[in-house]
$ cat entry.txt   # compact mmCIF, C-alpha atoms
# COMPACT_ATOMS: atom_id res chain seq x y z
CA MET A 1 61.74 52.39 160.22
CA THR A 2 59.21 55.18 159.58
CA ILE A 3 57.49 55.62 156.25
CA TYR A 4 59.38 58.93 155.83
CA ASN A 5 62.75 57.24 156.33
CA LYS A 6 61.83 54.49 153.93
CA LEU A 7 60.85 56.98 151.26
CA LEU A 8 64.05 58.94 151.87
CA LEU A 9 66.14 55.80 151.51
CA LEU A 10 64.35 54.85 148.31
CA GLY A 11 64.92 58.34 146.96
CA LEU A 12 68.62 58.19 147.68
CA PHE A 13 68.87 54.78 146.05
CA ALA A 14 67.05 56.10 142.97
CA VAL A 15 69.74 58.71 142.35
CA SER A 16 72.65 56.60 143.50
CA PRO A 17 75.47 56.35 140.92
CA LEU A 18 75.20 52.59 141.26
CA SER A 19 71.70 52.70 139.78
CA GLN A 20 72.59 54.96 136.86
CA GLY A 21 74.30 54.11 133.63
CA ALA A 22 77.22 56.03 132.21
CA THR A 23 78.21 57.55 128.90
CA GLY A 24 81.57 56.60 127.46
CA ILE A 25 83.50 57.30 124.29
CA ALA A 26 85.83 54.98 122.41
CA PHE A 27 88.39 56.24 119.89
CA ILE A 28 88.69 53.67 117.09
CA HIS A 29 91.63 54.05 114.69
CA GLY A 30 91.81 53.23 110.99
CA THR A 31 94.01 50.92 108.94
CA GLY A 32 97.17 49.75 110.70
CA LYS A 33 98.33 47.59 113.58
CA GLN A 34 98.26 49.95 116.54
CA THR A 35 99.86 49.45 119.94
CA ASN A 36 99.76 53.10 121.01
CA ALA A 37 97.00 54.77 119.01
CA LEU A 38 96.74 57.58 121.54
CA ASP A 39 100.18 58.93 120.63
CA ASP A 40 100.70 57.51 117.17
CA TYR A 41 97.26 57.97 115.64
CA TRP A 42 95.08 60.48 117.49
CA THR A 43 97.38 62.50 119.81
CA SER A 44 96.51 63.41 123.41
CA GLU A 45 95.57 66.92 122.31
CA PHE A 46 92.68 65.59 120.24
CA VAL A 47 91.52 62.87 122.64
CA ASP A 48 91.70 65.03 125.76
CA SER A 49 89.72 67.78 124.06
CA VAL A 50 86.96 65.57 122.63
CA ARG A 51 86.34 63.56 125.79
CA GLN A 52 85.43 66.72 127.69
CA GLY A 53 82.13 66.52 125.85
CA ILE A 54 80.84 63.68 128.04
CA SER A 55 79.73 64.13 131.65
CA SER A 56 82.55 61.96 133.00
CA PRO A 57 85.60 62.61 130.79
CA ALA A 58 87.48 59.72 132.41
CA ASN A 59 85.07 57.33 130.70
CA TYR A 60 87.07 56.91 127.53
CA SER A 61 89.02 54.18 125.79
CA VAL A 62 91.55 54.33 122.98
CA ILE A 63 91.39 51.12 120.95
CA ASN A 64 94.57 49.35 119.81
CA CYS A 65 93.94 46.54 117.33
CA ASP A 66 95.33 45.03 114.14
CA PHE A 67 93.21 46.73 111.50
CA ASP A 68 95.52 45.53 108.75
CA GLN A 69 93.25 42.48 108.66
CA TYR A 70 89.87 41.91 107.03
CA MET A 71 87.16 43.52 109.13
CA TRP A 72 85.63 40.23 110.33
CA GLU A 73 88.93 38.76 111.52
CA GLU A 74 89.55 38.12 115.21
CA ALA A 75 92.48 40.56 115.20
CA ALA A 76 90.15 43.27 113.87
CA ALA A 77 86.47 43.02 114.88
CA GLY A 78 87.20 40.44 117.57
CA CYS A 79 89.85 42.65 119.14
CA LEU A 80 87.56 45.66 118.91
CA VAL A 81 84.62 44.04 120.70
CA ASN A 82 86.92 42.53 123.35
CA GLN A 83 88.35 45.93 124.22
CA LEU A 84 84.95 47.60 124.09
CA THR A 85 83.43 44.93 126.34
CA THR A 86 86.21 45.39 128.89
CA PHE A 87 85.59 49.15 128.79
CA ILE A 88 81.81 48.77 129.11
CA ASP A 89 82.14 46.42 132.08
CA ALA A 90 84.81 48.42 133.88
CA LYS A 91 82.97 51.75 133.63
CA GLY A 92 79.36 50.56 133.64
CA ILE A 93 78.81 52.09 130.20
CA ASP A 94 75.29 51.93 128.81
CA SER A 95 75.61 54.79 126.31
CA LEU A 96 78.67 54.17 124.18
CA ILE A 97 79.80 56.69 121.58
CA MET A 98 82.17 55.23 119.01
CA LEU A 99 84.40 57.78 117.30
CA THR A 100 86.00 56.18 114.27
CA HIS A 101 88.31 57.22 111.48
CA SER A 102 88.76 55.85 107.96
CA ASN A 103 88.71 52.03 107.84
CA GLY A 104 87.67 51.92 111.49
CA GLY A 105 84.19 52.82 110.28
CA ASN A 106 84.04 49.63 108.19
CA ILE A 107 84.96 47.45 111.15
CA VAL A 108 82.33 49.13 113.31
CA ARG A 109 79.76 48.68 110.53
CA TRP A 110 80.68 45.01 110.32
CA VAL A 111 79.84 44.55 114.00
CA LEU A 112 76.60 46.54 113.80
CA SER A 113 75.51 44.77 110.61
CA ASN A 114 76.16 41.21 111.78
CA PRO A 115 74.90 40.81 115.36
CA THR A 116 74.63 37.02 115.08
CA TRP A 117 78.14 36.54 113.68
CA ASP A 118 79.73 36.44 117.13
CA SER A 119 78.22 36.04 120.61
CA ARG A 120 80.24 39.04 121.81
CA TYR A 121 78.66 41.48 119.36
CA PRO A 122 75.15 41.96 120.87
CA LYS A 123 76.39 43.37 124.17
CA VAL A 124 78.47 46.01 122.42
CA ILE A 125 75.64 46.86 120.02
CA ALA A 126 73.15 47.21 122.88
CA ALA A 127 75.43 49.62 124.73
CA THR A 128 76.13 51.75 121.65
CA SER A 129 74.21 55.01 121.33
CA ARG A 130 75.85 56.36 118.16
CA VAL A 131 78.84 56.27 115.87
CA ILE A 132 80.65 59.39 114.67
CA ALA A 133 82.68 58.40 111.62
CA LEU A 134 85.44 60.75 110.51
CA ALA A 135 86.26 60.31 106.82
CA PRO A 136 85.10 56.67 106.69
CA SER A 137 86.17 54.60 103.69
CA SER A 138 82.64 53.24 103.26
CA ALA A 139 82.87 52.77 99.48
CA GLY A 140 86.61 52.19 99.30
CA THR A 141 89.20 54.18 97.37
CA PRO A 142 90.84 53.88 93.94
CA LEU A 143 94.17 54.29 95.74
CA ALA A 144 93.69 50.88 97.37
CA ASP A 145 93.25 49.42 93.90
CA ALA A 146 96.46 51.14 92.82
CA VAL A 147 98.44 49.84 95.80
CA ASN A 148 97.33 46.29 95.07
CA GLN A 149 98.42 46.67 91.46
CA GLY A 150 101.91 47.44 92.71
CA ASN A 151 102.42 50.79 91.00
CA SER A 152 103.98 53.96 92.39
CA PHE A 153 101.22 54.46 94.93
CA GLU A 154 102.61 51.55 96.92
CA THR A 155 105.62 53.66 97.87
CA SER A 156 103.94 57.04 98.20
CA LEU A 157 101.07 55.72 100.33
CA GLY A 158 102.94 53.30 102.56
CA TRP A 159 102.67 55.67 105.52
CA LEU A 160 98.89 55.78 105.16
CA LEU A 161 97.81 52.40 103.86
CA GLY A 162 100.56 49.98 104.63
CA TYR A 163 101.69 47.56 101.95
CA ASN A 164 99.32 45.11 100.33
CA SER A 165 97.58 44.16 103.58
CA ASN A 166 94.17 42.50 103.72
CA ALA A 167 92.71 45.81 104.93
CA VAL A 168 93.98 47.49 101.76
CA LYS A 169 92.49 44.71 99.62
CA GLN A 170 89.22 45.18 101.52
CA GLN A 171 89.16 48.91 100.69
CA GLN A 172 89.38 48.40 96.94
CA VAL A 173 86.34 49.94 95.27
CA SER A 174 85.05 46.63 93.88
CA SER A 175 85.57 44.87 97.21
CA MET A 176 83.66 47.49 99.19
CA SER A 177 80.89 47.40 96.58
CA TYR A 178 80.54 43.67 97.20
CA TYR A 179 80.60 44.00 101.00
CA ASN A 180 78.13 46.89 100.93
CA GLY A 181 75.77 44.83 98.81
CA THR A 182 75.94 41.72 100.99
CA TRP A 183 77.40 41.92 104.50
CA LEU A 184 77.27 45.59 105.46
CA ASN A 185 74.27 47.77 106.23
CA GLY A 186 73.83 51.51 106.02
CA THR A 187 74.39 52.19 102.31
CA ALA A 188 71.83 52.80 99.57
CA ASN A 189 69.34 49.96 98.99
CA ARG A 190 70.51 48.18 102.13
CA PRO A 191 68.94 47.94 105.60
CA ALA A 192 69.67 50.88 107.87
CA LEU A 193 72.24 50.46 110.61
CA SER A 194 70.81 49.74 114.05
CA LYS A 195 72.55 52.81 115.49
CA PRO A 196 73.06 56.34 114.11
CA PHE A 197 76.18 56.55 111.93
CA GLU A 198 77.09 60.22 111.60
CA VAL A 199 79.73 61.13 109.05
CA VAL A 200 82.21 64.00 108.77
CA VAL A 201 83.43 64.40 105.18
CA GLY A 202 86.81 65.83 104.22
CA SER A 203 86.62 67.59 100.86
CA ASP A 204 90.04 68.97 99.95
CA VAL A 205 93.76 69.24 100.76
CA ASP A 206 95.75 72.44 101.25
CA SER A 207 99.53 72.27 101.06
CA ALA A 208 100.66 75.81 100.25
CA VAL A 209 104.01 76.34 101.94
CA TRP A 210 103.09 79.93 102.86
CA ASP A 211 99.76 78.91 104.48
CA SER A 212 100.09 78.05 108.18
CA ASP A 213 96.93 75.91 107.97
CA SER A 214 98.83 73.49 105.74
CA TYR A 215 101.07 72.58 108.66
CA CYS A 216 98.33 71.26 110.96
CA ALA A 217 98.96 67.50 111.50
CA GLY A 218 102.23 67.64 109.53
CA TYR A 219 103.03 69.54 106.36
CA GLN A 220 104.69 66.54 104.71
CA TYR A 221 101.42 64.61 104.87
CA GLN A 222 99.49 67.41 103.18
CA VAL A 223 102.02 67.41 100.34
CA ALA A 224 101.65 63.64 99.89
CA LEU A 225 97.85 63.82 99.99
CA GLU A 226 97.80 66.73 97.55
CA THR A 227 99.72 64.50 95.14
CA THR A 228 97.42 61.48 95.47
CA GLN A 229 94.41 63.75 95.17
CA ASN A 230 95.27 64.11 91.49
CA TRP A 231 93.99 60.55 90.95
CA LEU A 232 90.70 61.16 92.77
CA ASP A 233 87.58 63.24 92.24
CA ASP A 234 87.79 66.98 92.76
CA CYS A 235 85.99 66.46 96.07
CA SER A 236 88.34 64.31 98.14
CA ASP A 237 90.56 64.43 101.23
CA GLY A 238 93.59 63.10 99.37
CA PHE A 239 92.77 59.48 100.20
CA LEU A 240 89.01 59.14 99.91
CA GLU A 241 86.52 60.67 97.55
CA CYS A 242 83.65 62.50 99.21
CA SER A 243 81.18 60.04 97.71
CA SER A 244 82.93 57.17 99.49
CA GLN A 245 82.97 58.96 102.82
CA GLY A 246 79.27 59.70 102.60
CA ALA A 247 78.18 56.32 101.23
CA ALA A 248 77.00 54.92 104.58
CA GLY A 249 74.92 56.47 107.32
CA THR A 250 74.10 60.19 107.37
CA VAL A 251 76.48 63.06 106.64
CA TRP A 252 76.73 65.28 109.72
CA PHE A 253 78.73 67.91 107.86
CA THR A 254 81.30 68.41 105.13
CA ASP A 255 84.39 70.13 106.55
CA LYS A 256 84.08 73.69 105.19
CA GLN A 257 80.50 73.97 106.42
CA LEU A 258 81.61 74.14 110.06
CA THR A 259 85.39 74.27 110.37
CA GLN A 260 87.22 77.36 111.53
CA GLY A 261 87.99 79.61 108.58
CA GLN A 262 86.05 77.18 106.35
CA GLU A 263 89.23 75.12 106.06
CA PRO A 264 89.16 71.70 104.41
CA LEU A 265 90.16 68.59 106.32
CA SER A 266 92.66 66.29 104.65
CA HIS A 267 92.60 62.62 105.57
CA GLN A 268 95.42 63.23 108.03
CA GLN A 269 93.80 66.30 109.57
CA SER A 270 90.44 64.62 110.18
CA ARG A 271 91.91 62.70 113.11
CA ARG A 272 93.63 65.66 114.72
CA ALA A 273 92.73 68.91 116.47
CA CYS A 274 92.70 70.95 113.26
CA PHE A 275 90.40 73.91 112.53
CA ASN A 276 88.21 73.31 115.64
CA LEU A 277 87.25 69.73 114.63
CA ASP A 278 87.84 68.57 118.21
CA SER A 279 85.55 71.24 119.67
CA LEU A 280 82.86 70.52 117.07
CA ILE A 281 82.81 66.87 118.14
CA ARG A 282 83.05 67.79 121.83
CA ASN A 283 80.04 70.10 121.60
CA HIS A 284 78.10 67.61 119.48
CA ILE A 285 78.36 64.83 122.02

$ encode --input "entry.txt" --output "structure tokens"
Amino acid sequence: MTIYNKLLLLGLFAVSPLSQGATGIAFIHGTGKQTNALDDYWTSEFVDSVRQGISSPANYSVINCDFDQYMWEEAAAGCLVNQLTTFIDAKGIDSLIMLTHSNGGNIVRWVLSNPTWDSRYPKVIAATSRVIALAPSSAGTPLADAVNQGNSFETSLGWLLGYNSNAVKQQQVSSMSYYNGTWLNGTANRPALSKPFEVVVGSDVDSAVWDSDSYCAGYQYQVALETTQNWLDDCSDGFLECSSQGAAGTVWFTDKQLTQGQEPLSHQQSRRACFNLDSLIRNHI
């Protein structure tokens, strides 16, 4: 073989897909035991739009785990890393973007913060390039406290939180304060997370019956979240106060700064294709 042919062969090998890594995105749901998060949590409209932001849109995974459990449980973090590992191996992913919502951000932070807890964690951490956390419950919510006290919130928030699950207990304000001070990184006075943790904050809820924007992601949910917002700070998405959402990592933006028409994102809307949220994420990645 001539020197020219050898160099040509080496050049072809250097750009061969087999020698290159791949970017992938994983959609990680919040509280709840999911078996079909694509349809029941995110919707295809949102997922199919966001994944166009990576070079190979087929490199995506929608996680389905039991996030009604404490974040360190096998059904939660264990399930998450198992599904991510399968995805990484199947697609040759070496640049993993995790897109999380609500309590999903806590489970991801658990994995990133505790690499020696489980032998499966380091591979996932090494492949991860960044986390985009939509309305993460990083400092918990007073509504979780209310649910565990068995008052009227237990009925009104069943669709969002479930009923007295370990995940709800975990998201009590005092519980998250303890976890943030001991086991979790990324909050004030704690070590930084090993990967970027970029946060989108939802700051308000609109439920005016005459406003078409109130119907995005389901009008009935906006009405419920407008009600629960009365027990939270003025800046909240109906489930989480802004301070909780921004407690870990770095705030990428607060809804009205970038959304179409400067519309707020309720906790329900921050996982749907509302007010160009999907295109903002797509362009960002």

$ residues_around --input "entry.txt" --residues "Ile97 (chain A)" --least-positions-apart "5" --cutoff "8 Å" --atoms "only C-alpha atoms" --output "PDB file with C-alpha atoms, in the coordinates of the input"
ATOM      1  CA  THR A  23      78.210  57.550 128.900  1.00  0.00           C
ATOM      2  CA  GLY A  24      81.570  56.600 127.460  1.00  0.00           C
ATOM      3  CA  ILE A  25      83.500  57.300 124.290  1.00  0.00           C
ATOM      4  CA  ALA A  26      85.830  54.980 122.410  1.00  0.00           C
ATOM      5  CA  THR A 128      76.130  51.750 121.650  1.00  0.00           C
ATOM      6  CA  SER A 129      74.210  55.010 121.330  1.00  0.00           C
ATOM      7  CA  ARG A 130      75.850  56.360 118.160  1.00  0.00           C
ATOM      8  CA  VAL A 131      78.840  56.270 115.870  1.00  0.00           C
ATOM      9  CA  ILE A 132      80.650  59.390 114.670  1.00  0.00           C
TER      10      ILE A 132
END

$ residues_around --input "entry.txt" --residues "region 173-181 of chain A" --least-positions-apart "4" --cutoff "6 Å" --atoms "all atoms listed in the file" --output "VMD selection string"
chain A and resid 139 to 141

$ closest_residue --input "entry.txt" --among "A:Lys169, A:Lys256, A:Lys91, A:Arg271" --to "Ala37 (chain A)" --atoms "only C-alpha atoms"
A:Arg271

$ closest_residue --input "entry.txt" --among "A:Ser194, A:Thr227, A:Ser55, A:Gln245" --to "Ala126 (chain A)" --atoms "all atoms listed in the file"
A:Ser194

$ residues_around --input "entry.txt" --residues "Asn59 (chain A)" --least-positions-apart "5" --cutoff "12 Å" --atoms "all atoms listed in the file" --output "list of chain:residue names"
A:Gly21, A:Ala22, A:Thr23, A:Gly24, A:Ile25, A:Ala26, A:Phe27, A:Val47, A:Asp48, A:Val50, A:Arg51, A:Gln52, A:Gly53, A:Ile54, A:Leu84, A:Phe87, A:Ile88, A:Asp89, A:Ala90, A:Lys91, A:Gly92, A:Ile93, A:Asp94, A:Ser95, A:Leu96, A:Ile97

$ atom_distance --input "entry.txt" --atom1 "CA of Thr250 (chain A)" --atom2 "CA of Gly186 (chain A)"
8.8 Å

$ closest_atom_pairs --input "entry.txt" --of "region 113-204 of chain A" --to "region 259-268 of chain A" --cutoff "10 Å" --atoms "all atoms listed in the file" --output "CSV"
residue,atom,partner,partner_atom,distance
A:Leu134,CA,A:His267,CA,8.9
A:Ala135,CA,A:His267,CA,6.9
A:Pro136,CA,A:His267,CA,9.6
A:Leu160,CA,A:Gln268,CA,8.7
A:Val200,CA,A:Leu265,CA,9.5
A:Val201,CA,A:Leu265,CA,8.0
A:Gly202,CA,A:Leu265,CA,4.8
A:Ser203,CA,A:Pro264,CA,6.0
A:Asp204,CA,A:Pro264,CA,5.3

$ residues_near_point --input "entry.txt" --point "(95.3, 44.3, 113.2)" --cutoff "9 Å" --atoms "all atoms listed in the file" --output "list of chain:residue names"
A:Thr31, A:Gly32, A:Lys33, A:Gln34, A:Asn64, A:Cys65, A:Asp66, A:Phe67, A:Asp68, A:Gln69, A:Tyr70, A:Glu73, A:Glu74, A:Ala75, A:Ala76, A:Cys79, A:Ala167

$ atom_distance --input "entry.txt" --atom1 "CA of Pro115 (chain A)" --atom2 "CA of Gln171 (chain A)"
22.0 Å

$ atom_distance --input "entry.txt" --atom1 "CA of His29 (chain A)" --atom2 "CA of Leu143 (chain A)"
19.1 Å

$ closest_residue --input "entry.txt" --among "A:Ala192, A:Val205, A:Leu277, A:Val199" --to "Glu226 (chain A)" --atoms "only C-alpha atoms"
A:Val205

$ closest_residue --input "entry.txt" --among "A:Phe197, A:Cys235, A:Trp183, A:Ser138" --to "Trp117 (chain A)" --atoms "all atoms listed in the file"
A:Trp183
